[in-house]
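Listing of coords_38.txt; format and content: compact mmCIF, C-alpha atoms and all ligand atoms.
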# COMPACT_ATOMS: atom_id res chain seq x y z
CA MET M 1 0.00 0.00 0.00
CA SER M 2 1.54 3.30 -1.00
CA ASN M 3 0.48 6.30 1.00
CA ARG M 4 3.54 8.27 0.03
CA ILE M 5 4.48 10.82 -2.62
CA GLY M 6 7.89 12.27 -3.41
CA ASP M 7 11.42 10.94 -3.71
CA LEU M 8 13.80 13.42 -2.03
CA ILE M 9 11.09 15.14 -0.01
CA THR M 10 8.43 12.60 0.87
CA PHE M 11 4.98 12.91 2.39
CA THR M 12 3.32 9.90 4.00
CA LEU M 13 -0.37 9.99 4.86
CA PHE M 14 -1.95 7.94 7.66
CA GLY M 15 -5.18 7.44 9.57
CA GLU M 16 -8.86 6.71 9.21
CA SER M 17 -11.89 9.00 9.28
CA HIS M 18 -13.14 7.79 12.67
CA GLY M 19 -9.81 6.60 14.12
CA ALA M 20 -8.01 8.44 16.91
CA GLU M 21 -5.88 10.66 14.69
CA ILE M 22 -5.01 11.33 11.08
CA GLY M 23 -1.80 12.87 9.84
CA VAL M 24 1.13 13.30 7.49
CA VAL M 25 4.83 12.65 8.00
CA ALA M 26 7.16 14.78 5.86
CA GLU M 27 10.74 13.61 5.42
CA GLY M 28 13.57 15.37 3.63
CA LEU M 29 12.41 18.96 4.18
CA PRO M 30 15.49 20.97 5.08
CA HIS M 31 16.11 22.61 8.44
CA GLY M 32 15.46 26.30 8.95
CA ILE M 33 12.13 26.69 7.15
CA PRO M 34 9.89 29.04 9.15
CA VAL M 35 6.59 27.35 9.99
CA ASP M 36 3.89 29.80 8.97
CA THR M 37 1.02 28.86 11.29
CA ASP M 38 -1.20 31.60 9.82
CA ALA M 39 -0.86 30.01 6.38
CA ILE M 40 -1.74 26.60 7.83
CA ASP M 41 -4.79 28.01 9.66
CA ARG M 42 -5.94 29.87 6.55
CA GLN M 43 -5.77 26.77 4.34
CA LEU M 44 -7.46 24.56 6.95
CA SER M 45 -10.25 27.06 7.30
CA ARG M 46 -10.79 27.11 3.51
CA ARG M 47 -11.07 23.29 3.55
CA ARG M 48 -13.35 23.16 6.59
CA PRO M 49 -17.00 22.30 5.99
CA SER M 50 -19.41 25.17 6.55
CA GLY M 51 -22.91 26.17 5.54
CA ALA M 52 -25.54 24.42 3.44
CA ILE M 53 -23.11 23.24 0.75
CA SER M 54 -20.99 21.16 3.12
CA THR M 55 -21.31 18.13 5.36
CA ALA M 56 -22.90 18.75 8.77
CA ARG M 57 -19.83 17.15 10.35
CA ARG M 58 -18.13 19.99 12.17
CA GLU M 59 -14.38 19.62 12.01
CA THR M 60 -12.40 22.11 14.05
CA ASP M 61 -9.09 20.57 12.91
CA PRO M 62 -6.83 21.57 15.78
CA TYR M 63 -3.57 20.23 14.38
CA ARG M 64 -0.46 19.29 16.32
CA ILE M 65 3.06 19.20 15.01
CA VAL M 66 4.52 16.45 17.12
CA SER M 67 8.05 16.36 15.70
CA GLY M 68 10.51 18.07 13.39
CA VAL M 69 9.74 21.69 14.35
CA PHE M 70 11.53 23.61 17.11
CA GLY M 71 11.34 27.30 17.92
CA GLY M 72 9.09 27.95 14.92
CA TYR M 73 11.48 26.42 12.35
CA THR M 74 11.85 22.99 10.78
CA THR M 75 14.74 21.06 12.32
CA GLY M 76 15.47 18.77 9.36
CA ALA M 77 14.07 15.73 11.21
CA PRO M 78 10.81 14.11 10.04
CA ILE M 79 7.83 16.39 10.62
CA CYS M 80 4.78 14.58 11.92
CA LEU M 81 1.57 16.61 11.81
CA THR M 82 -1.59 15.12 13.30
CA ILE M 83 -5.24 16.08 13.64
CA SER M 84 -7.53 14.27 16.05
CA ASN M 85 -10.93 13.13 14.90
CA GLY M 86 -13.93 14.58 16.67
CA ASP M 87 -17.66 14.69 15.86
CA THR M 88 -17.75 11.09 14.58
CA LYS M 89 -21.05 9.19 14.34
CA SER M 90 -19.76 5.73 13.51
CA LYS M 91 -23.13 3.99 13.89
CA ASP M 92 -24.29 5.68 10.66
CA TYR M 93 -21.81 3.50 8.75
CA GLU M 94 -22.41 -0.01 10.14
CA GLU M 95 -24.74 -1.18 7.39
CA LEU M 96 -22.41 0.16 4.65
CA SER M 97 -19.94 -2.61 5.55
CA TYR M 98 -22.24 -5.06 3.75
CA ARG M 99 -24.45 -2.67 1.73
CA PRO M 100 -21.76 -0.67 -0.08
CA ARG M 101 -22.39 2.85 -1.31
CA PRO M 102 -22.25 3.00 -5.12
CA GLY M 103 -19.33 5.20 -6.18
CA HIS M 104 -17.57 5.05 -2.80
CA ALA M 105 -14.70 2.81 -1.71
CA ASP M 106 -16.78 0.59 0.66
CA TYR M 107 -16.93 -2.40 -1.71
CA VAL M 108 -13.33 -2.30 -2.94
CA SER M 109 -12.04 -1.87 0.60
CA LEU M 110 -14.02 -4.92 1.70
CA VAL M 111 -12.65 -6.99 -1.19
CA LYS M 112 -9.07 -5.83 -0.74
CA TYR M 113 -8.84 -6.00 3.06
CA GLY M 114 -11.14 -8.96 3.64
CA GLY M 115 -13.40 -7.16 6.09
CA TYR M 116 -10.56 -5.93 8.30
CA GLY M 117 -10.63 -2.39 6.87
CA ASP M 118 -12.07 0.36 9.04
CA TYR M 119 -15.29 1.22 7.20
CA ARG M 120 -16.40 3.95 9.60
CA GLY M 121 -16.80 7.23 7.75
CA GLY M 122 -15.04 5.81 4.69
CA GLY M 123 -12.05 4.77 6.84
CA HIS M 124 -8.69 5.34 5.18
CA PHE M 125 -10.41 6.40 1.93
CA SER M 126 -12.18 9.32 3.55
CA GLY M 127 -11.82 12.90 2.29
CA ARG M 128 -11.17 13.68 5.96
CA LEU M 129 -7.53 12.67 5.43
CA THR M 130 -7.14 15.68 3.17
CA ALA M 131 -7.14 17.89 6.30
CA PRO M 132 -3.57 17.05 7.40
CA LEU M 133 -2.54 16.98 3.74
CA THR M 134 -3.81 20.54 3.42
CA ALA M 135 -2.00 21.65 6.58
CA MET M 136 1.34 20.14 5.53
CA GLY M 137 0.96 21.54 2.02
CA ALA M 138 0.40 25.00 3.49
CA LEU M 139 3.69 24.71 5.38
CA VAL M 140 5.47 23.70 2.17
CA GLY M 141 3.60 26.32 0.11
CA SER M 142 4.84 29.15 2.30
CA ALA M 143 8.43 27.91 1.83
CA LEU M 144 7.87 27.92 -1.94
CA GLU M 145 6.45 31.44 -1.75
CA SER M 146 9.63 32.66 -0.11
CA ARG M 147 11.38 31.41 -3.30
CA GLY M 148 8.98 33.29 -5.54
CA ILE M 149 6.78 30.32 -6.42
CA ARG M 150 3.05 30.88 -6.02
CA ILE M 151 0.35 28.25 -6.19
CA GLY M 152 -3.31 29.12 -6.46
CA ALA M 153 -6.47 27.35 -7.46
CA HIS M 154 -10.10 28.17 -8.07
CA ILE M 155 -13.26 26.42 -9.17
CA TYR M 156 -13.13 26.47 -12.95
CA SER M 157 -16.63 25.12 -13.49
CA VAL M 158 -19.61 23.49 -11.81
CA GLY M 159 -22.31 22.14 -14.10
CA ASP M 160 -22.33 24.59 -17.00
CA ILE M 161 -21.43 27.54 -14.76
CA LYS M 162 -17.92 28.77 -15.48
CA ASP M 163 -15.59 30.99 -13.47
CA THR M 164 -13.17 33.37 -15.20
CA PRO M 165 -10.30 31.07 -16.18
CA PHE M 166 -6.67 31.81 -15.38
CA THR M 167 -4.88 33.64 -18.20
CA PRO M 168 -2.33 30.93 -18.99
CA THR M 169 0.44 33.39 -19.91
CA ASP M 170 -0.05 35.55 -16.81
CA HIS M 171 2.84 35.26 -14.36
CA GLN M 172 0.88 37.20 -11.70
CA LEU M 173 -1.59 34.73 -10.28
CA ALA M 174 -5.19 36.00 -10.22
CA ALA M 175 -6.11 34.31 -6.95
CA ALA M 176 -9.68 33.47 -5.97
CA GLY M 177 -9.40 35.46 -2.72
CA GLU M 178 -11.46 34.99 0.43
CA GLY M 179 -14.73 33.08 0.65
CA PHE M 180 -16.14 30.79 -2.02
CA PRO M 181 -13.14 30.02 -4.28
CA THR M 182 -13.99 31.65 -7.58
CA ILE M 183 -12.40 34.66 -9.27
CA ASP M 184 -15.80 35.86 -10.52
CA LYS M 185 -17.88 36.16 -7.32
CA ALA M 186 -21.20 36.28 -9.24
CA ALA M 187 -20.34 32.96 -10.92
CA GLY M 188 -19.48 31.64 -7.46
CA GLU M 189 -22.93 32.59 -6.17
CA ARG M 190 -24.58 30.77 -9.07
CA MET M 191 -22.46 27.70 -8.35
CA GLU M 192 -23.42 27.77 -4.66
CA GLN M 193 -27.09 27.97 -5.61
CA TYR M 194 -26.65 25.03 -8.01
CA MET M 195 -25.11 23.02 -5.16
CA LYS M 196 -27.90 23.97 -2.75
CA ASP M 197 -30.54 22.94 -5.32
CA ALA M 198 -28.85 19.55 -5.73
CA ALA M 199 -28.63 19.17 -1.95
CA ALA M 200 -32.35 19.95 -1.62
CA GLU M 201 -33.04 17.01 -3.94
CA GLY M 202 -30.76 14.78 -1.86
CA ASP M 203 -28.25 14.81 -4.69
CA SER M 204 -24.68 16.03 -5.28
CA VAL M 205 -22.61 17.77 -7.97
CA GLY M 206 -19.02 17.74 -9.22
CA GLY M 207 -16.89 20.19 -11.17
CA VAL M 208 -13.44 21.19 -12.34
CA ILE M 209 -10.67 22.90 -10.36
CA GLU M 210 -7.96 24.91 -12.10
CA ILE M 211 -4.52 25.20 -10.49
CA ALA M 212 -1.70 27.54 -11.51
CA VAL M 213 1.90 27.39 -10.35
CA THR M 214 3.91 30.50 -11.21
CA GLY M 215 7.54 31.46 -10.73
CA VAL M 216 9.02 28.03 -11.44
CA PRO M 217 12.25 28.40 -13.44
CA ALA M 218 12.71 26.49 -16.68
CA GLY M 219 14.39 23.09 -16.34
CA VAL M 220 12.49 21.53 -13.40
CA GLY M 221 11.23 17.96 -13.79
CA GLU M 222 12.89 14.68 -14.71
CA PRO M 223 12.52 13.00 -18.11
CA TRP M 224 10.05 10.25 -18.86
CA PHE M 225 8.27 8.99 -15.76
CA ASP M 226 9.20 11.69 -13.26
CA GLY M 227 8.23 14.65 -15.37
CA VAL M 228 6.07 17.41 -13.91
CA GLU M 229 2.95 15.98 -15.56
CA SER M 230 3.66 12.45 -14.31
CA ALA M 231 4.45 13.53 -10.74
CA MET M 232 1.53 15.97 -10.53
CA ALA M 233 -0.97 13.56 -12.03
CA ARG M 234 0.04 10.73 -9.70
CA ALA M 235 -0.36 12.93 -6.63
CA LEU M 236 -3.50 14.79 -7.72
CA PHE M 237 -5.24 11.54 -8.65
CA GLY M 238 -4.65 10.51 -5.03
CA ILE M 239 -7.14 13.13 -3.84
CA PRO M 240 -10.42 11.28 -3.29
CA ALA M 241 -13.02 11.99 -6.01
CA VAL M 242 -10.48 13.22 -8.60
CA LYS M 243 -11.23 11.47 -11.88
CA GLY M 244 -9.23 13.47 -14.41
CA VAL M 245 -6.14 15.65 -14.70
CA GLU M 246 -5.19 17.83 -17.69
CA PHE M 247 -2.41 20.33 -18.39
CA GLY M 248 -2.53 23.56 -20.39
CA ALA M 249 -5.15 23.30 -23.11
CA GLY M 250 -5.55 19.68 -22.00
CA PHE M 251 -7.73 17.45 -24.16
CA GLY M 252 -8.62 20.61 -26.10
CA ILE M 253 -5.12 20.71 -27.64
CA CYS M 254 -6.03 17.65 -29.72
CA GLY M 255 -8.55 19.66 -31.72
CA MET M 256 -6.00 22.32 -32.65
CA LYS M 257 -3.66 22.37 -35.62
CA GLY M 258 0.03 22.03 -34.70
CA SER M 259 0.61 25.63 -35.71
CA GLU M 260 -2.03 26.73 -33.18
CA ALA M 261 -1.06 24.30 -30.42
CA ASN M 262 2.66 25.19 -30.42
CA ASP M 263 3.67 27.97 -28.07
CA PRO M 264 6.08 30.31 -29.91
CA PHE M 265 9.16 31.43 -27.97
CA TYR M 266 10.26 35.04 -27.58
CA LYS M 267 12.43 37.13 -25.27
CA ASP M 268 10.90 39.91 -23.16
CA GLY M 269 12.48 43.27 -22.29
CA GLU M 270 14.19 41.75 -19.25
CA GLY M 271 15.79 39.00 -21.33
CA ARG M 272 13.46 36.25 -20.07
CA VAL M 273 12.57 33.45 -22.49
CA LEU M 274 8.78 33.22 -22.62
CA THR M 275 6.12 31.82 -24.93
CA LYS M 276 3.32 33.79 -26.60
CA SER M 277 0.66 31.20 -25.79
CA ASN M 278 0.68 28.48 -23.15
CA ASN M 279 -1.27 25.55 -24.56
CA ASN M 280 1.33 23.18 -23.16
CA GLY M 281 0.70 24.41 -19.62
CA GLY M 282 4.31 25.43 -18.94
CA ILE M 283 5.66 21.94 -19.59
CA ASN M 284 7.56 20.48 -22.56
CA GLY M 285 8.99 16.97 -22.37
CA GLY M 286 7.85 16.74 -18.74
CA ILE M 287 10.12 19.69 -17.87
CA THR M 288 9.10 23.24 -16.97
CA ASN M 289 9.72 25.86 -19.66
CA GLY M 290 9.37 28.87 -17.34
CA MET M 291 5.74 29.62 -18.18
CA PRO M 292 2.97 29.21 -15.55
CA ILE M 293 2.09 25.56 -14.95
CA ILE M 294 -1.62 25.23 -15.64
CA ILE M 295 -3.49 22.16 -14.39
CA ARG M 296 -7.16 21.25 -14.24
CA ILE M 297 -8.59 18.40 -12.18
CA ALA M 298 -12.01 16.82 -12.59
CA VAL M 299 -13.80 16.26 -9.28
CA LYS M 300 -16.76 13.91 -9.40
CA PRO M 301 -20.04 14.45 -7.54
CA THR M 302 -19.95 13.29 -3.91
CA PRO M 303 -20.82 9.58 -4.03
CA SER M 304 -22.89 9.60 -0.80
CA VAL M 305 -26.23 11.00 -1.89
CA PHE M 306 -29.33 10.97 0.28
CA LYS M 307 -31.55 10.18 -2.70
CA GLU M 308 -32.59 6.53 -2.69
CA GLN M 309 -30.23 4.32 -4.75
CA LYS M 310 -29.85 0.64 -5.45
CA THR M 311 -27.05 -1.48 -4.07
CA LEU M 312 -26.22 -5.12 -3.52
CA ASN M 313 -26.69 -6.58 -0.05
CA LEU M 314 -23.51 -8.65 0.13
CA ARG M 315 -24.98 -10.86 2.88
CA THR M 316 -28.16 -11.83 1.08
CA GLY M 317 -27.06 -11.35 -2.54
CA GLU M 318 -30.20 -9.26 -3.17
CA VAL M 319 -30.31 -5.86 -4.84
CA GLU M 320 -31.88 -3.49 -2.32
CA SER M 321 -32.71 0.17 -1.88
CA LEU M 322 -30.15 2.24 -0.03
CA SER M 323 -30.92 5.49 1.79
CA ILE M 324 -27.66 6.82 3.07
CA LYS M 325 -27.54 8.26 6.54
CA GLY M 326 -24.61 10.18 7.96
CA ARG M 327 -23.30 13.59 7.01
CA HIS M 328 -21.98 14.28 3.55
CA ASP M 329 -20.92 17.14 1.35
CA PRO M 330 -23.43 17.78 -1.47
CA ALA M 331 -20.33 19.03 -3.32
CA ILE M 332 -16.69 18.42 -2.60
CA ILE M 333 -15.22 20.81 -5.10
CA HIS M 334 -15.02 24.02 -3.05
CA ARG M 335 -13.34 22.17 -0.19
CA ALA M 336 -10.94 20.41 -2.55
CA VAL M 337 -9.47 23.71 -3.81
CA PRO M 338 -6.99 24.18 -0.91
CA VAL M 339 -6.31 20.43 -0.97
CA ALA M 340 -5.26 20.68 -4.63
CA GLU M 341 -3.02 23.66 -3.85
CA SER M 342 -1.35 21.73 -1.04
CA VAL M 343 -0.77 18.60 -3.09
CA ALA M 344 0.69 20.71 -5.92
CA ALA M 345 3.02 22.40 -3.39
CA MET M 346 4.29 19.04 -2.14
CA VAL M 347 4.98 17.81 -5.66
CA MET M 348 6.76 21.04 -6.62
CA ALA M 349 8.92 20.94 -3.47
CA ASP M 350 10.16 17.46 -4.37
CA LEU M 351 10.78 18.32 -8.03
CA LEU M 352 12.63 21.52 -7.08
CA ALA M 353 14.72 19.57 -4.55
CA LYS M 354 15.72 17.17 -7.34
CA ARG M 355 16.80 20.06 -9.54
CA TYR M 356 18.51 22.35 -7.01
CA GLY M 357 18.92 20.24 -3.84
CA PRO M 358 16.59 20.40 -0.80
CA LEU M 359 18.45 23.37 0.74
CA TRP M 360 17.28 25.53 -2.17
CA LEU M 361 13.89 25.62 -0.45
CA LYS M 362 15.35 27.59 2.45
CA GLY M 363 17.15 30.01 0.20
CA GLU M 364 20.51 28.31 -0.35
CA ASP M 365 21.55 27.67 -3.92
CA LYS M 366 23.48 24.51 -4.67
C1 LIG M 401 -12.49 17.26 0.87
C2 LIG M 401 -13.26 16.02 0.49
C3 LIG M 401 -14.43 15.72 1.16
C4 LIG M 401 -15.18 14.58 0.83
N1 LIG M 401 -16.34 14.34 1.50
C5 LIG M 401 -17.09 13.27 1.14
C6 LIG M 401 -18.36 13.02 1.78
O1 LIG M 401 -18.80 13.77 2.65
N2 LIG M 401 -19.06 11.94 1.37
C7 LIG M 401 -18.63 11.10 0.38
O2 LIG M 401 -19.31 10.15 0.04
N3 LIG M 401 -17.46 11.32 -0.24
C8 LIG M 401 -16.66 12.37 0.10
N4 LIG M 401 -15.48 12.57 -0.53
C9 LIG M 401 -15.10 11.72 -1.66
C10 LIG M 401 -14.76 10.29 -1.29
O3 LIG M 401 -13.77 10.26 -0.29
C11 LIG M 401 -14.31 9.51 -2.55
O4 LIG M 401 -15.24 9.69 -3.57
C12 LIG M 401 -14.20 8.03 -2.24
O5 LIG M 401 -13.12 7.83 -1.34
C13 LIG M 401 -13.99 7.15 -3.46
O6 LIG M 401 -12.83 7.51 -4.16
P1 LIG M 401 -12.88 7.95 -5.70
O7 LIG M 401 -14.03 8.87 -5.83
O8 LIG M 401 -11.55 8.63 -5.93
O9 LIG M 401 -13.06 6.71 -6.52
C14 LIG M 401 -14.71 13.70 -0.20
C15 LIG M 401 -13.51 14.01 -0.87
C16 LIG M 401 -12.79 15.16 -0.54
C17 LIG M 401 -11.53 15.48 -1.30
If you convert what's in this file into structure tokens, what do you get?
Amino acid sequence: MSNRIGDLITFTLFGESHGAEIGVVAEGLPHGIPVDTDAIDRQLSRRRPSGAISTARRETDPYRIVSGVFGGYTTGAPICLTISNGDTKSKDYEELSYRPRPGHADYVSLVKYGGYGDYRGGGHFSGRLTAPLTAMGALVGSALESRGIRIGAHIYSVGDIKDTPFTPTDHQLAAAGEGFPTIDKAAGERMEQYMKDAAAEGDSVGGVIEIAVTGVPAGVGEPWFDGVESAMARALFGIPAVKGVEFGAGFGICGMKGSEANDPFYKDGEGRVLTKSNNNGGINGGITNGMPIIIRIAVKPTPSVFKEQKTLNLRTGEVESLSIKGRHDPAIIHRAVPVAESVAAMVMADLLAKRYGPLWLKGEDK
């Protein structure tokens, strides 16, 4: 079972939704990185459920850094960050151990772990584990920011409602700002209403998140299987409910002519090599070309819907009606925005460490 991403700087995820604690262990981060607790709190609060478009489970997420940080700075030893689980209602999940939710991981977990898996609240597969991931990614993200690398994400679309997309050649990130994570706040309101309408019908919705990483120099990424696309896709697909990842113009590039799809090079007034368009999302041959890295991830509708569904009773072998109890997000997408930023930060930290050495992250060039 692999719960780890990264090679030089690794992040290992552990825990279950209704277990005692969940957390992440980071290894390989250099000493001397200031731990920006405000950044961690801000990202956790963006991920936290609130209001009618989120689960009724109230997660306060008081995190603890139990190792690897001393006097406000990383020490160079493994950093273990944990969050304890409160507000669990495990009884809601008992029947799902033999009447699996369609679209969730109940059935596959049962098959793979022979009934020993912790099914409560989705167990190890729960979106709850993205809380420590978000916190650790915030720590890493603030280190990247000190090196001029900014990572931001917003909801690109929900249903047929679209936010203003990132301008792919813009090196100044147009962040979504506070509140619901869209750049166009009116589009955000329409999305929220769409989510509330689905929730009122006992249903759920999905959408697309767009991520931009700016300030990454050209030449980062390893050829073939450890390129930026490969490393990002592997990690982003790990986020529960992510079903697609595309870069730059994505699948849309296939409909273009080569002359349109290619991004012509030029030099700006400051002597920087740039490209006029950015259909390749800042990546050629798996390696950054100095343009913003543009990524979109497809987030499916929350599988747990209150609307009656059919499932197989694994004890009786009969197809039965399933009315899910428990507390679930009618949409995951808004909460997954800071998660995506954090995961992208972790991947970038590892790729940058491979290029420049881990100490580069704290301001020392190789
Ligand atoms: C932040 C976040 C919150 C989530 N909350 C829920 C939830 O309340 N109910 C649910 O059924 N799935 C939720 N999920 C999604 C499931 O964890 C996910 O669909 C499930 O583990 C199956 O994995 P898959 O969709 O990648 O195949 C959430 C995912 C994320 C990222």
Practice item. Check which residues fall inside 6 Å of ligand LIG 401 (chain M) when counting all atoms listed in the file, and print them as a ChimeraX atom specification. Key: /M:55,104-105,125-127,239-242,302-304,328-329,332,335-336
**Study point:** Counting all atoms listed in the file, the option among M:Arg327, M:Arg296, M:Lys276, M:Arg42 closest to Leu139 in chain M
**Key:**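 That would be M:Arg42, the residue with the smallest distance to Leu139 in chain M.
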**Study point:** Closest of M:Ser97, M:Ser45, M:Ser323, M:Ser54 to Gly121 in chain M - atom-to-atom distances counting all atoms listed in the file
**Key:**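 With all atoms listed in the file as the atom set, the closest residue is M:Ser97.
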Using all atoms listed in the file, which protein or nucleic acid residues come within 10 Å of Ala186 in chain M? Drop anything in the same chain fewer than 5 positions from it, and give the result as a compact mmCIF listing (two decimals) with C-alpha atoms, keeping the file's coordinate frame.
# COMPACT_ATOMS: atom_id res chain seq x y z
CA ASP M 163 -15.59 30.99 -13.47
CA MET M 191 -22.46 27.70 -8.35
CA GLU M 192 -23.42 27.77 -4.66
Review point. At what distance in Å, to one decimal, does CA of Gly244 in chain M lie from CA of Phe265 in chain M?
Key: 29.1 Å
Exercise for review: Find the spatial neighbours of Ala175 in chain M, counting all atoms listed in the file, within a cut-off of 12 Å - ignore same-chain residues fewer than 4 positions away - and output them as a list in words.
Suggested key: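 Counting all atoms listed in the file, the residues come to Arg150, Ile151, Gly152, Ala153, His154, Ile155, Asp163, Thr164, Pro165, Phe166, Thr167, Asp170, His171, Gly179, Phe180, Pro181, Thr182, Ile183, Asp184, Lys185, Glu210, Ile211, Ala212, Val213, Thr214, Val337, Pro338 and Glu341 of chain M.
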Check your understanding: Which one is closest to Arg147 in chain M: M:Pro217, M:Ala340, M:Glu178, M:Asp36? Count all atoms listed in the file.
Key ->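 Distance minimum relative to Arg147 in chain M lands on M:Pro217.
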